[in-house]
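Trainee: This one is protein14.txt, compact mmCIF, C-alpha atoms and all ligand atoms.
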# COMPACT_ATOMS: atom_id res chain seq x y z
CA MET A 1 -14.62 -27.55 37.01
CA THR A 2 -17.00 -30.22 35.80
CA ALA A 3 -19.95 -29.12 33.71
CA GLY A 4 -22.83 -27.66 35.73
CA ARG A 5 -26.51 -27.75 34.96
CA GLU A 6 -29.03 -24.95 35.02
CA PRO A 7 -30.81 -25.16 38.39
CA THR A 8 -34.28 -25.23 36.88
CA GLY A 9 -36.09 -26.00 33.66
CA PRO A 10 -37.28 -29.18 32.07
CA GLU A 11 -34.37 -29.44 29.65
CA ALA A 12 -31.66 -29.03 32.32
CA ARG A 13 -29.26 -27.57 29.80
CA LEU A 14 -25.60 -27.22 30.68
CA ILE A 15 -24.30 -23.77 31.53
CA PRO A 16 -22.13 -22.62 28.61
CA THR A 17 -18.50 -21.76 29.23
CA PRO A 18 -18.14 -18.00 28.68
CA SER A 19 -15.91 -16.53 26.00
CA GLN A 20 -12.65 -14.71 26.78
CA THR A 21 -10.39 -12.65 24.55
CA VAL A 22 -7.71 -14.37 22.47
CA GLY A 23 -5.35 -11.75 23.94
CA PRO A 24 -2.19 -10.39 22.33
CA TYR A 25 -0.38 -13.73 22.04
CA LEU A 26 -2.89 -15.65 19.91
CA ARG A 27 -0.19 -16.16 17.27
CA ILE A 28 1.63 -18.82 19.25
CA GLY A 29 -1.56 -20.85 19.63
CA MET A 30 -3.26 -20.37 16.27
CA GLU A 31 -0.64 -19.66 13.62
CA TRP A 32 0.33 -23.34 13.22
CA MET A 33 -2.87 -23.91 11.27
CA GLN A 34 -3.40 -21.03 8.92
CA ALA A 35 -5.73 -22.20 6.15
CA LYS A 36 -5.84 -19.42 3.62
CA ASP A 37 -6.81 -21.44 0.57
CA LEU A 38 -10.43 -22.58 0.77
CA VAL A 39 -9.92 -23.64 -2.84
CA ALA A 40 -6.68 -24.17 -4.75
CA PRO A 41 -5.34 -20.93 -6.23
CA GLY A 42 -5.84 -21.01 -9.98
CA SER A 43 -8.71 -23.50 -9.84
CA ALA A 44 -12.00 -22.70 -11.57
CA GLY A 45 -13.61 -19.63 -10.05
CA ALA A 46 -10.85 -19.09 -7.50
CA VAL A 47 -10.55 -15.48 -6.39
CA THR A 48 -8.33 -13.73 -3.87
CA LEU A 49 -10.10 -12.14 -0.91
CA VAL A 50 -8.06 -9.59 1.03
CA GLY A 51 -8.89 -7.06 3.71
CA THR A 52 -7.55 -4.89 6.49
CA VAL A 53 -8.84 -4.83 10.05
CA THR A 54 -8.91 -1.37 11.66
CA ASP A 55 -9.99 -0.02 15.05
CA GLY A 56 -12.02 3.06 16.04
CA ASP A 57 -9.04 5.36 15.38
CA GLY A 58 -8.45 3.84 11.96
CA GLU A 59 -5.31 2.12 13.30
CA VAL A 60 -4.58 -1.29 11.82
CA VAL A 61 -5.08 -4.36 14.01
CA PRO A 62 -2.02 -6.64 13.67
CA ASP A 63 -3.19 -9.16 16.27
CA ALA A 64 -6.44 -10.48 14.82
CA VAL A 65 -7.52 -13.86 13.49
CA LEU A 66 -10.15 -14.19 10.75
CA GLU A 67 -11.99 -17.48 10.34
CA LEU A 68 -14.06 -17.99 7.23
CA TRP A 69 -16.91 -20.48 6.79
CA SER A 70 -18.13 -21.32 3.33
CA PRO A 71 -19.56 -24.81 3.85
CA PRO A 72 -17.88 -27.22 3.70
CA ALA A 73 -14.72 -25.13 3.40
CA TRP A 74 -13.18 -23.43 6.43
CA GLY A 75 -10.27 -21.04 6.53
CA ARG A 76 -8.10 -19.14 8.99
CA SER A 77 -5.86 -16.15 8.34
CA LEU A 78 -3.92 -14.12 10.91
CA THR A 79 -3.47 -10.42 10.22
CA ASP A 80 0.05 -9.24 9.41
CA ASP A 81 1.84 -6.14 10.75
CA GLY A 82 -0.29 -4.05 8.41
CA GLY A 83 -3.53 -5.51 9.78
CA SER A 84 -4.18 -7.39 6.53
CA TYR A 85 -5.49 -10.89 5.94
CA SER A 86 -5.94 -12.92 2.76
CA PHE A 87 -7.82 -15.98 1.52
CA THR A 88 -8.41 -17.78 -1.77
CA VAL A 89 -12.13 -18.43 -2.12
CA VAL A 90 -14.76 -19.35 -4.66
CA LYS A 91 -18.21 -17.82 -4.70
CA PRO A 92 -20.64 -20.38 -3.27
CA ALA A 93 -23.16 -21.73 -5.73
CA GLY A 94 -26.82 -22.16 -4.84
CA ALA A 95 -29.05 -20.14 -2.58
CA HIS A 96 -26.47 -18.90 -0.06
CA ARG A 97 -24.19 -16.64 -2.06
CA HIS A 98 -22.23 -15.34 0.88
CA MET A 99 -19.67 -16.47 3.45
CA GLU A 100 -19.59 -16.14 7.22
CA MET A 101 -16.55 -14.72 8.97
CA PHE A 102 -15.49 -14.64 12.63
CA VAL A 103 -13.11 -11.95 13.86
CA PHE A 104 -11.01 -12.59 16.96
CA ALA A 105 -8.61 -10.01 18.42
CA ARG A 106 -7.06 -8.63 21.54
CA GLY A 107 -9.65 -6.20 22.90
CA LEU A 108 -12.59 -8.35 21.81
CA VAL A 109 -13.94 -10.31 24.78
CA ARG A 110 -15.56 -12.63 22.25
CA GLN A 111 -15.42 -13.11 18.51
CA LEU A 112 -17.45 -10.95 16.14
CA LEU A 113 -19.55 -12.46 13.37
CA THR A 114 -19.91 -10.77 10.02
CA ARG A 115 -20.95 -11.91 6.55
CA ILE A 116 -19.37 -11.33 3.17
CA TYR A 117 -21.61 -10.78 0.14
CA PHE A 118 -20.35 -10.68 -3.43
CA PRO A 119 -20.46 -7.45 -5.48
CA ASP A 120 -21.53 -9.16 -8.73
CA GLU A 121 -24.69 -10.57 -7.10
CA THR A 122 -26.63 -7.31 -7.22
CA ASP A 123 -30.03 -8.93 -7.81
CA ALA A 124 -29.60 -11.63 -5.17
CA ASN A 125 -28.29 -9.10 -2.65
CA LEU A 126 -31.31 -6.90 -3.32
CA VAL A 127 -33.73 -9.60 -2.14
CA ASP A 128 -31.52 -11.12 0.57
CA PRO A 129 -33.66 -11.38 3.75
CA LEU A 130 -30.78 -10.64 6.09
CA LEU A 131 -29.46 -7.63 4.16
CA ALA A 132 -33.02 -6.34 4.21
CA ARG A 133 -32.87 -6.20 8.01
CA VAL A 134 -29.64 -4.18 7.97
CA PRO A 135 -30.10 -0.38 7.93
CA GLU A 136 -29.74 0.66 4.30
CA GLN A 137 -26.83 3.04 4.88
CA ARG A 138 -24.82 0.22 6.53
CA ARG A 139 -25.42 -2.56 3.96
CA GLU A 140 -22.39 -1.58 1.88
CA THR A 141 -20.10 -2.68 4.71
CA LEU A 142 -21.14 -6.29 4.05
CA ILE A 143 -20.51 -6.32 0.31
CA ALA A 144 -16.97 -7.07 -0.82
CA LYS A 145 -15.40 -4.57 -3.20
CA ARG A 146 -13.71 -5.42 -6.45
CA ASP A 147 -9.96 -4.98 -6.10
CA PRO A 148 -7.92 -3.40 -8.94
CA SER A 149 -5.96 -6.67 -9.05
CA GLY A 150 -9.12 -8.56 -10.00
CA GLY A 151 -9.69 -10.00 -6.55
CA LEU A 152 -12.08 -9.01 -3.80
CA ARG A 153 -11.55 -6.71 -0.83
CA PHE A 154 -13.49 -6.90 2.44
CA ASP A 155 -12.19 -4.51 5.09
CA VAL A 156 -13.30 -4.96 8.69
CA ARG A 157 -13.85 -1.76 10.66
CA LEU A 158 -14.40 -2.71 14.28
CA GLN A 159 -15.65 0.74 15.22
CA GLY A 160 -16.13 4.22 13.78
CA PRO A 161 -18.33 5.93 11.20
CA ASP A 162 -18.17 3.05 8.72
CA GLU A 163 -18.31 0.31 11.33
CA THR A 164 -18.81 -3.11 9.74
CA VAL A 165 -22.16 -4.74 10.51
CA PHE A 166 -21.80 -7.53 13.06
CA PHE A 167 -24.38 -10.14 13.95
CA ALA A 168 -25.95 -11.71 17.01
CA TYR A 169 -27.18 -15.28 16.91
CA MET B 170 -23.68 -1.87 26.45
CA THR B 171 -23.85 -3.77 23.16
CA GLN B 172 -27.44 -3.88 21.89
CA VAL B 173 -29.16 -6.30 19.54
CA ALA B 174 -31.31 -4.21 17.17
CA GLY B 175 -35.01 -4.69 17.89
CA HIS B 176 -34.36 -7.11 20.76
CA PRO B 177 -33.92 -5.18 24.01
CA GLU B 178 -34.40 -8.44 25.94
CA LEU B 179 -31.19 -9.95 24.57
CA ARG B 180 -27.95 -9.48 26.47
CA LEU B 181 -24.35 -10.52 25.90
CA ASP B 182 -22.18 -11.82 28.72
CA PRO B 183 -19.37 -10.98 28.37
CA ASP B 184 -20.33 -7.74 26.62
CA TYR B 185 -18.07 -6.41 23.85
CA GLU B 186 -18.16 -3.09 25.69
CA SER B 187 -16.09 -3.92 28.75
CA PRO B 188 -14.75 -0.53 29.93
CA GLU B 189 -12.45 -2.00 32.60
CA TYR B 190 -10.60 -3.87 29.84
CA ARG B 191 -8.72 -1.04 28.18
CA SER B 192 -8.01 -2.73 24.85
CA SER B 193 -11.75 -2.98 24.19
CA ALA B 194 -12.18 0.83 24.04
CA LYS B 195 -11.25 1.20 20.36
CA ARG B 196 -12.12 -2.31 19.23
CA ALA B 197 -15.56 -3.13 20.61
CA PRO B 198 -18.34 -2.40 18.10
CA ARG B 199 -20.58 0.53 19.02
CA GLN B 200 -23.46 -0.08 16.64
CA PRO B 201 -26.28 -2.50 17.51
CA LEU B 202 -25.80 -6.07 16.35
CA VAL B 203 -28.24 -7.46 13.78
CA LEU B 204 -29.93 -10.70 14.84
CA LEU B 205 -29.33 -13.55 12.43
CA SER B 206 -32.13 -15.97 11.73
CA ASP B 207 -31.82 -19.59 12.78
CA SER B 208 -30.78 -20.74 9.31
CA LEU B 209 -27.09 -20.34 10.09
CA LEU B 210 -27.34 -22.36 13.27
CA ASP B 211 -27.78 -25.66 11.48
CA SER B 212 -25.28 -25.11 8.70
CA GLY B 213 -22.79 -27.53 10.24
CA GLY B 214 -19.22 -26.62 10.97
CA PRO B 215 -15.62 -27.37 10.10
CA VAL B 216 -14.34 -30.86 10.90
CA PHE B 217 -10.73 -31.47 11.84
CA GLY B 218 -10.65 -35.28 12.03
CA GLU B 219 -8.01 -35.39 9.29
CA THR B 220 -5.85 -32.65 10.80
CA PRO B 221 -2.30 -33.83 11.45
CA VAL B 222 -2.30 -33.75 15.26
CA THR B 223 -0.06 -36.20 17.08
CA LEU B 224 -0.14 -37.38 20.69
CA SER B 225 3.04 -35.44 21.45
CA ASP B 226 1.27 -32.22 20.46
CA ALA B 227 -0.70 -32.58 23.70
CA ASP B 228 2.43 -32.79 25.85
CA LEU B 229 3.95 -29.32 26.30
CA THR B 230 6.57 -30.43 28.81
CA LEU B 231 9.03 -32.01 26.38
CA GLY B 232 11.36 -29.47 24.77
CA PRO B 233 14.14 -30.03 22.23
CA HIS B 234 16.84 -30.22 24.92
CA GLY B 235 14.92 -31.68 27.84
CA GLU B 236 12.03 -31.03 30.16
CA ALA B 237 10.36 -27.67 30.65
CA GLN B 238 10.81 -25.88 33.97
CA GLY B 239 7.97 -25.64 36.45
CA GLN B 240 5.17 -27.56 38.13
CA ARG B 241 3.95 -30.35 35.85
CA ILE B 242 0.14 -30.50 35.52
CA ASN B 243 -2.37 -32.76 33.76
CA VAL B 244 -5.28 -30.77 32.37
CA SER B 245 -8.23 -32.80 31.16
CA GLY B 246 -11.94 -32.53 30.57
CA ARG B 247 -14.66 -32.93 27.99
CA ILE B 248 -16.07 -30.70 25.29
CA LEU B 249 -19.87 -30.83 25.42
CA ASP B 250 -22.71 -28.97 23.80
CA SER B 251 -25.36 -27.37 25.98
CA ASP B 252 -27.52 -30.50 25.73
CA GLY B 253 -24.65 -32.49 27.23
CA ARG B 254 -23.74 -34.27 24.00
CA PRO B 255 -20.00 -34.86 23.56
CA VAL B 256 -18.20 -32.99 20.80
CA ALA B 257 -16.15 -35.84 19.33
CA GLY B 258 -13.10 -35.70 17.07
CA GLN B 259 -12.78 -31.94 17.19
CA LEU B 260 -9.76 -29.73 17.53
CA VAL B 261 -8.66 -28.20 20.85
CA GLU B 262 -5.83 -25.64 20.80
CA LEU B 263 -4.00 -24.39 23.87
CA TRP B 264 -1.44 -21.64 24.46
CA GLN B 265 0.02 -20.18 27.61
CA ALA B 266 2.81 -18.38 29.44
CA ASN B 267 5.65 -20.41 30.94
CA ALA B 268 6.20 -21.00 34.65
CA ALA B 269 7.75 -17.54 34.98
CA GLY B 270 4.81 -15.79 33.32
CA ARG B 271 6.48 -15.19 29.95
CA TYR B 272 5.12 -16.02 26.49
CA ARG B 273 7.32 -17.15 23.65
CA HIS B 274 6.07 -14.25 21.54
CA ALA B 275 7.91 -11.27 20.04
CA VAL B 276 5.51 -8.77 21.66
CA ASP B 277 5.97 -10.09 25.22
CA SER B 278 8.62 -7.90 26.91
CA HIS B 279 7.96 -9.02 30.50
CA ALA B 280 11.27 -9.18 32.41
CA ALA B 281 10.97 -12.89 33.14
CA PRO B 282 13.07 -15.69 31.63
CA LEU B 283 12.11 -17.72 28.59
CA ASP B 284 12.46 -21.47 28.88
CA PRO B 285 14.29 -23.04 25.91
CA ASN B 286 12.27 -26.22 26.46
CA PHE B 287 8.82 -24.64 26.56
CA THR B 288 6.95 -23.29 23.56
CA GLY B 289 3.68 -22.92 25.48
CA THR B 290 1.53 -24.21 22.65
CA GLY B 291 -0.28 -27.52 22.18
CA ARG B 292 -3.23 -29.16 20.50
CA CYS B 293 -5.24 -32.34 20.44
CA LEU B 294 -8.39 -33.91 19.04
CA THR B 295 -11.24 -34.90 21.35
CA GLY B 296 -12.10 -38.58 21.74
CA PRO B 297 -15.49 -40.18 20.99
CA ASP B 298 -16.70 -39.02 24.43
CA GLY B 299 -15.50 -35.45 23.84
CA ALA B 300 -12.51 -35.94 26.16
CA TYR B 301 -9.21 -34.09 25.79
CA ARG B 302 -6.03 -34.19 27.86
CA PHE B 303 -2.92 -32.02 28.00
CA VAL B 304 0.27 -32.40 29.99
CA THR B 305 1.82 -29.02 30.61
CA ILE B 306 3.41 -26.65 33.15
CA ALA B 307 1.50 -24.46 35.58
CA PRO B 308 1.65 -20.98 34.01
CA GLY B 309 2.92 -17.98 35.98
CA SER B 310 1.01 -14.75 36.47
CA TYR B 311 2.20 -11.80 34.40
CA PRO B 312 1.88 -8.01 34.45
CA TRP B 313 -0.03 -6.46 31.56
CA GLY B 314 -0.27 -2.69 31.99
CA ASN B 315 -4.06 -2.44 31.79
CA HIS B 316 -4.10 -0.37 35.00
CA PRO B 317 -1.61 0.31 37.82
CA ASN B 318 -0.06 -2.91 39.15
CA ALA B 319 -2.20 -5.05 36.84
CA TRP B 320 -1.42 -8.80 36.95
CA ARG B 321 -3.26 -11.50 35.05
CA PRO B 322 -4.33 -14.49 37.14
CA ALA B 323 -2.64 -17.68 35.93
CA HIS B 324 -4.53 -19.00 32.90
CA LEU B 325 -4.45 -21.25 29.86
CA HIS B 326 -5.88 -20.00 26.56
CA PHE B 327 -8.25 -22.55 25.00
CA SER B 328 -9.62 -22.52 21.45
CA VAL B 329 -12.29 -25.13 20.72
CA PHE B 330 -14.64 -26.04 17.91
CA GLY B 331 -18.13 -27.44 18.34
CA ARG B 332 -20.14 -29.31 15.76
CA LEU B 333 -21.70 -26.10 14.48
CA PHE B 334 -19.84 -23.09 13.17
CA THR B 335 -21.62 -20.94 15.77
CA GLU B 336 -20.38 -23.18 18.61
CA ARG B 337 -16.85 -21.84 18.10
CA LEU B 338 -15.36 -20.77 21.43
CA VAL B 339 -12.15 -19.17 22.61
CA THR B 340 -11.85 -18.92 26.37
CA GLN B 341 -9.37 -19.00 29.24
CA MET B 342 -9.03 -21.59 31.99
CA TYR B 343 -8.23 -20.31 35.47
CA PHE B 344 -7.02 -22.06 38.62
CA PRO B 345 -9.03 -22.49 41.84
CA GLY B 346 -8.21 -20.09 44.66
CA ASP B 347 -6.16 -17.66 42.55
CA PRO B 348 -6.07 -14.42 44.61
CA LEU B 349 -5.91 -12.31 41.42
CA LEU B 350 -9.29 -13.42 40.06
CA PRO B 351 -11.42 -10.74 41.79
CA PHE B 352 -9.18 -8.01 40.35
CA ASP B 353 -8.92 -9.20 36.74
CA PRO B 354 -10.92 -7.14 34.18
CA ILE B 355 -10.83 -9.98 31.64
CA PHE B 356 -12.17 -12.66 34.02
CA ASN B 357 -14.72 -10.13 35.31
CA SER B 358 -15.81 -9.11 31.81
CA VAL B 359 -18.25 -11.96 32.48
CA ARG B 360 -20.70 -10.30 34.85
CA SER B 361 -22.61 -13.38 36.00
CA GLN B 362 -20.76 -14.98 38.90
CA ARG B 363 -22.36 -18.32 38.07
CA ASP B 364 -20.96 -18.13 34.54
CA ARG B 365 -17.52 -16.89 35.66
CA GLU B 366 -17.17 -19.98 37.82
CA ARG B 367 -17.42 -22.13 34.68
CA MET B 368 -13.96 -20.83 33.70
CA VAL B 369 -12.27 -21.94 36.92
CA SER B 370 -10.83 -25.46 36.76
CA SER B 371 -11.04 -27.80 39.72
CA PHE B 372 -8.20 -29.64 41.38
CA ASP B 373 -8.59 -33.32 40.54
CA TRP B 374 -7.15 -36.25 42.52
CA ASP B 375 -8.18 -38.69 39.78
CA THR B 376 -5.67 -37.24 37.33
CA THR B 377 -3.06 -36.30 39.95
CA GLU B 378 -0.19 -38.75 39.47
CA GLU B 379 1.85 -40.15 42.35
CA GLY B 380 5.30 -38.53 42.36
CA TRP B 381 4.72 -36.83 39.01
CA ALA B 382 2.01 -34.24 38.32
CA LEU B 383 -1.01 -32.41 39.73
CA GLY B 384 -4.36 -32.84 37.97
CA TYR B 385 -6.88 -30.18 36.99
CA ARG B 386 -10.27 -30.78 35.45
CA PHE B 387 -11.86 -28.35 33.00
CA ASP B 388 -15.02 -29.22 31.08
CA ILE B 389 -15.98 -26.84 28.29
CA VAL B 390 -19.60 -26.36 27.21
CA VAL B 391 -20.16 -24.73 23.82
CA THR B 392 -23.34 -22.99 22.77
CA GLY B 393 -24.56 -21.82 19.39
CA HIS B 394 -25.97 -18.60 20.87
CA LEU B 395 -24.18 -15.30 21.33
CA ALA B 396 -27.00 -13.42 23.06
CA THR B 397 -29.51 -14.77 25.58
CA PRO B 398 -32.71 -13.34 27.10
CA PHE B 399 -32.17 -11.48 30.35
CA GLU B 400 -34.70 -11.12 33.14
CA GLU B 401 -34.27 -7.58 34.39
CA ALA B 402 -36.08 -8.16 37.67
CA SER B 403 -34.00 -11.03 38.99
CA GLY B 404 -30.79 -10.29 37.13
CA VAL B 405 -30.68 -13.94 36.16
CA ARG B 406 -30.01 -15.06 32.63
CA ARG B 407 -32.45 -17.63 31.39
FE FE C 1 -2.63 -14.80 28.40
Take the structure in the file and write it out as structure tokens.
Mentor:
Amino acid sequence: MTAGREPTGPEARLIPTPSQTVGPYLRIGMEWMQAKDLVAPGSAGAVTLVGTVTDGDGEVVPDAVLELWSPPAWGRSLTDDGGSYSFTVVKPAGAHRHMEMFVFARGLVRQLLTRIYFPDETDANLVDPLLARVPEQRRETLIAKRDPSGGLRFDVRLQGPDETVFFAY
Amino acid sequence: MTQVAGHPELRLDPDYESPEYRSSAKRAPRQPLVLLSDSLLDSGGPVFGETPVTLSDADLTLGPHGEAQGQRINVSGRILDSDGRPVAGQLVELWQANAAGRYRHAVDSHAAPLDPNFTGTGRCLTGPDGAYRFVTIAPGSYPWGNHPNAWRPAHLHFSVFGRLFTERLVTQMYFPGDPLLPFDPIFNSVRSQRDRERMVSSFDWDTTEEGWALGYRFDIVVTGHLATPFEEASGVRR
């Protein structure tokens, strides 16, 4: 189908193509370009970011894709059989000390957007305008945890009592 | 229904909560979404101009031992933003079942044959005018166990990138006149008929090749917005 225009309105914007789920077989289409290292492991400030994606029953999600955006670096990691993903990242400098992450999975008709804040940025997180709009008891879900290994952990809970905060835009 | 906190006028279509699609039951978020300010919308996006994609990556019909089985099709179109501007030099990924309705994936146990010459996966970069083109095989329908006698309409999975991070889109392309479309919970997770039609390709004589392949046209329009205002009275999205 060729692109169609809105019937009315001065701007005559095109009608967006709707989203559909990646389905259970996303691996064959998206695994060819995993991009787990947003920075070279071992480079200055490089830190490992790992996490597990779980559903409303606490079951791991082995068929998800996580895409990370830390301008200008982009990354993609598919979850393994244990529902885990991993990246090598560096904390962004400047005003935006966080990273955006999309979650795609079977069962999601469209991707989910979440945001990863850093645990050692207590002061900046305290005055972050977006965190301020998140109900206080849910803010913790957006702040990565320090891993015993020295890296960071950011688990994604799609549903349930500790559901991760997701964003509209 | 998924809510956006503090914005009852905003609706999602498709909605994460799509009860007819069984896999969504334990995976769709239940809490209201938090509306992000506009600052993210102009933060740019990943660029794949340097990605090693070759012309042959857009031809799915050539296997290691010969040609893939099935009806050869040319699938082409343009990637545009909602202002009609072409998305140039960006990555398009495609994956699909083979002509028999079987994916080359460990989880697919459908009793239909694999084709040694068909991986069902391809990719390309859009041209300066946002155009892409794949040569592939018409995919078969396949059963999926969502409900009794559930069959997916034939479809291609598309993953595209816009210029902005928020213009990221994964969708599915369907074929005109497929009798399974009215019964498919995934296709119908999009409630607006007008919007659903944007996912159905059109048969295209211009790219149908004499003695060789049928042509289908599928333009993809990306938007940076997840939720849009909804007019309750008319049921029309603005
Ligand atoms: Fe599929």
Trainee: If you count all atoms listed in the file, which residues end up within 7 Å of ligand FE 1 (chain C), as a PDB file with C-alpha atoms, in the frame of the given file?
Mentor:
ATOM      1  CA  GLY A  23      -5.350 -11.750  23.940  1.00  0.00           C
ATOM      2  CA  TYR A  25      -0.380 -13.730  22.040  1.00  0.00           C
TER       3      TYR A  25
ATOM      4  CA  GLN B 265       0.020 -20.180  27.610  1.00  0.00           C
ATOM      5  CA  ALA B 266       2.810 -18.380  29.440  1.00  0.00           C
ATOM      6  CA  HIS B 324      -4.530 -19.000  32.900  1.00  0.00           C
ATOM      7  CA  LEU B 325      -4.450 -21.250  29.860  1.00  0.00           C
ATOM      8  CA  HIS B 326      -5.880 -20.000  26.560  1.00  0.00           C
TER       9      HIS B 326
END
Trainee: Determine, counting all atoms listed in the file, every residue of protein, DNA or RNA that lies within 12 Å of (-24.3, -30.1, 31.6) in the file coordinates, then give the result as a ChimeraX atom specification.
Mentor: /A:1-7,11-17 /B:247-255,367,388-392
Trainee: When you draw a straight line from atom CA of Gly42 of chain A to atom CA of Pro148 of chain A, how long is it in Å?
Mentor: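 The value is 17.8 Å.
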Trainee: Please determine, counting all atoms listed in the file, which residue among A:Ser43, A:Asn125, A:Ser149, A:Ser70 has the shortest atom-to-atom distance to chain B.
Mentor: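 With all atoms listed in the file as the atom set, the closest residue is A:Ser70.
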Trainee: Report as number ranges by chain all protein, DNA and RNA residues lying within 8 Å of Pro322 of chain B, evaluated on only C-alpha atoms, omitting residues in the same chain fewer than 4 positions from it.
Mentor: B: 310-311, 343, 347-350, 353
Trainee: The selected residues should be written to file as an mmCIF file, in the coordinates of the input (atoms: C-alpha atoms).
Mentor:
data_model
loop_
_atom_site.group_PDB
_atom_site.id
_atom_site.type_symbol
_atom_site.label_atom_id
_atom_site.label_comp_id
_atom_site.auth_asym_id
_atom_site.auth_seq_id
_atom_site.Cartn_x
_atom_site.Cartn_y
_atom_site.Cartn_z
ATOM 1 C CA SER B 310 1.010 -14.750 36.470
ATOM 2 C CA TYR B 311 2.200 -11.800 34.400
ATOM 3 C CA TYR B 343 -8.230 -20.310 35.470
ATOM 4 C CA ASP B 347 -6.160 -17.660 42.550
ATOM 5 C CA PRO B 348 -6.070 -14.420 44.610
ATOM 6 C CA LEU B 349 -5.910 -12.310 41.420
ATOM 7 C CA LEU B 350 -9.290 -13.420 40.060
ATOM 8 C CA ASP B 353 -8.920 -9.200 36.740
#
Trainee: Pull out every residue of chain B that has at least one atom within 7 Å of chain A, counting all atoms listed in the file, and report them as a PDB file with C-alpha atoms, keeping the file's coordinate frame.
Mentor:
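Heads up, here's the output in selection21.pdb:
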ATOM      1  CA  VAL B 173     -29.160  -6.300  19.540  1.00  0.00           C
ATOM      2  CA  PRO B 183     -19.370 -10.980  28.370  1.00  0.00           C
ATOM      3  CA  TYR B 185     -18.070  -6.410  23.850  1.00  0.00           C
ATOM      4  CA  SER B 192      -8.010  -2.730  24.850  1.00  0.00           C
ATOM      5  CA  SER B 193     -11.750  -2.980  24.190  1.00  0.00           C
ATOM      6  CA  LYS B 195     -11.250   1.200  20.360  1.00  0.00           C
ATOM      7  CA  ARG B 196     -12.120  -2.310  19.230  1.00  0.00           C
ATOM      8  CA  ALA B 197     -15.560  -3.130  20.610  1.00  0.00           C
ATOM      9  CA  PRO B 198     -18.340  -2.400  18.100  1.00  0.00           C
ATOM     10  CA  ARG B 199     -20.580   0.530  19.020  1.00  0.00           C
ATOM     11  CA  LEU B 202     -25.800  -6.070  16.350  1.00  0.00           C
ATOM     12  CA  VAL B 203     -28.240  -7.460  13.780  1.00  0.00           C
ATOM     13  CA  LEU B 204     -29.930 -10.700  14.840  1.00  0.00           C
ATOM     14  CA  LEU B 205     -29.330 -13.550  12.430  1.00  0.00           C
ATOM     15  CA  PRO B 215     -15.620 -27.370  10.100  1.00  0.00           C
ATOM     16  CA  SER B 251     -25.360 -27.370  25.980  1.00  0.00           C
ATOM     17  CA  ASP B 252     -27.520 -30.500  25.730  1.00  0.00           C
ATOM     18  CA  GLY B 253     -24.650 -32.490  27.230  1.00  0.00           C
ATOM     19  CA  GLU B 262      -5.830 -25.640  20.800  1.00  0.00           C
ATOM     20  CA  LEU B 263      -4.000 -24.390  23.870  1.00  0.00           C
ATOM     21  CA  TRP B 264      -1.440 -21.640  24.460  1.00  0.00           C
ATOM     22  CA  HIS B 274       6.070 -14.250  21.540  1.00  0.00           C
ATOM     23  CA  THR B 290       1.530 -24.210  22.650  1.00  0.00           C
ATOM     24  CA  LEU B 338     -15.360 -20.770  21.430  1.00  0.00           C
ATOM     25  CA  VAL B 339     -12.150 -19.170  22.610  1.00  0.00           C
ATOM     26  CA  THR B 340     -11.850 -18.920  26.370  1.00  0.00           C
ATOM     27  CA  GLN B 341      -9.370 -19.000  29.240  1.00  0.00           C
ATOM     28  CA  ASP B 364     -20.960 -18.130  34.540  1.00  0.00           C
ATOM     29  CA  ARG B 367     -17.420 -22.130  34.680  1.00  0.00           C
ATOM     30  CA  MET B 368     -13.960 -20.830  33.700  1.00  0.00           C
ATOM     31  CA  VAL B 369     -12.270 -21.940  36.920  1.00  0.00           C
ATOM     32  CA  SER B 370     -10.830 -25.460  36.760  1.00  0.00           C
ATOM     33  CA  SER B 371     -11.040 -27.800  39.720  1.00  0.00           C
ATOM     34  CA  ARG B 386     -10.270 -30.780  35.450  1.00  0.00           C
ATOM     35  CA  PHE B 387     -11.860 -28.350  33.000  1.00  0.00           C
ATOM     36  CA  ASP B 388     -15.020 -29.220  31.080  1.00  0.00           C
ATOM     37  CA  ILE B 389     -15.980 -26.840  28.290  1.00  0.00           C
ATOM     38  CA  VAL B 390     -19.600 -26.360  27.210  1.00  0.00           C
ATOM     39  CA  VAL B 391     -20.160 -24.730  23.820  1.00  0.00           C
ATOM     40  CA  THR B 392     -23.340 -22.990  22.770  1.00  0.00           C
ATOM     41  CA  HIS B 394     -25.970 -18.600  20.870  1.00  0.00           C
ATOM     42  CA  LEU B 395     -24.180 -15.300  21.330  1.00  0.00           C
ATOM     43  CA  ALA B 396     -27.000 -13.420  23.060  1.00  0.00           C
TER      44      ALA B 396
END
Trainee: Which value, in Å to one decimal, gives the distance between atom CA of Leu260 of chain B and atom CA of Cys293 of chain B?
Mentor: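 Taking atom CA of Leu260 of chain B as the start and atom CA of Cys293 of chain B as the end point, the length is 6.0 Å.
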Trainee: Could you tell me which of A:Arg153, A:Asp81, A:Arg76, A:Phe87 comes closest to Pro41 of chain A if we count only C-alpha atoms?
Mentor: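 Nearest to Pro41 of chain A: A:Phe87.
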Trainee: Write out as a list in words which residues come within 7 Å of Phe118 of chain A when counting all atoms listed in the file, dropping same-chain ones fewer than 6 positions away.
Mentor: His98, Ile143 and Ala144 of chain A
Trainee: Could you dump the residues just selected with C-alpha atoms as a short mmCIF file (atom, residue, chain, number, x, y, z; two decimals), in the coordinates of the input?
Mentor:
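The result, stored in selection.cif:
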data_model
loop_
_atom_site.label_atom_id
_atom_site.label_comp_id
_atom_site.auth_asym_id
_atom_site.auth_seq_id
_atom_site.Cartn_x
_atom_site.Cartn_y
_atom_site.Cartn_z
CA HIS A 98 -22.23 -15.34 0.88
CA ILE A 143 -20.51 -6.32 0.31
CA ALA A 144 -16.97 -7.07 -0.82
#
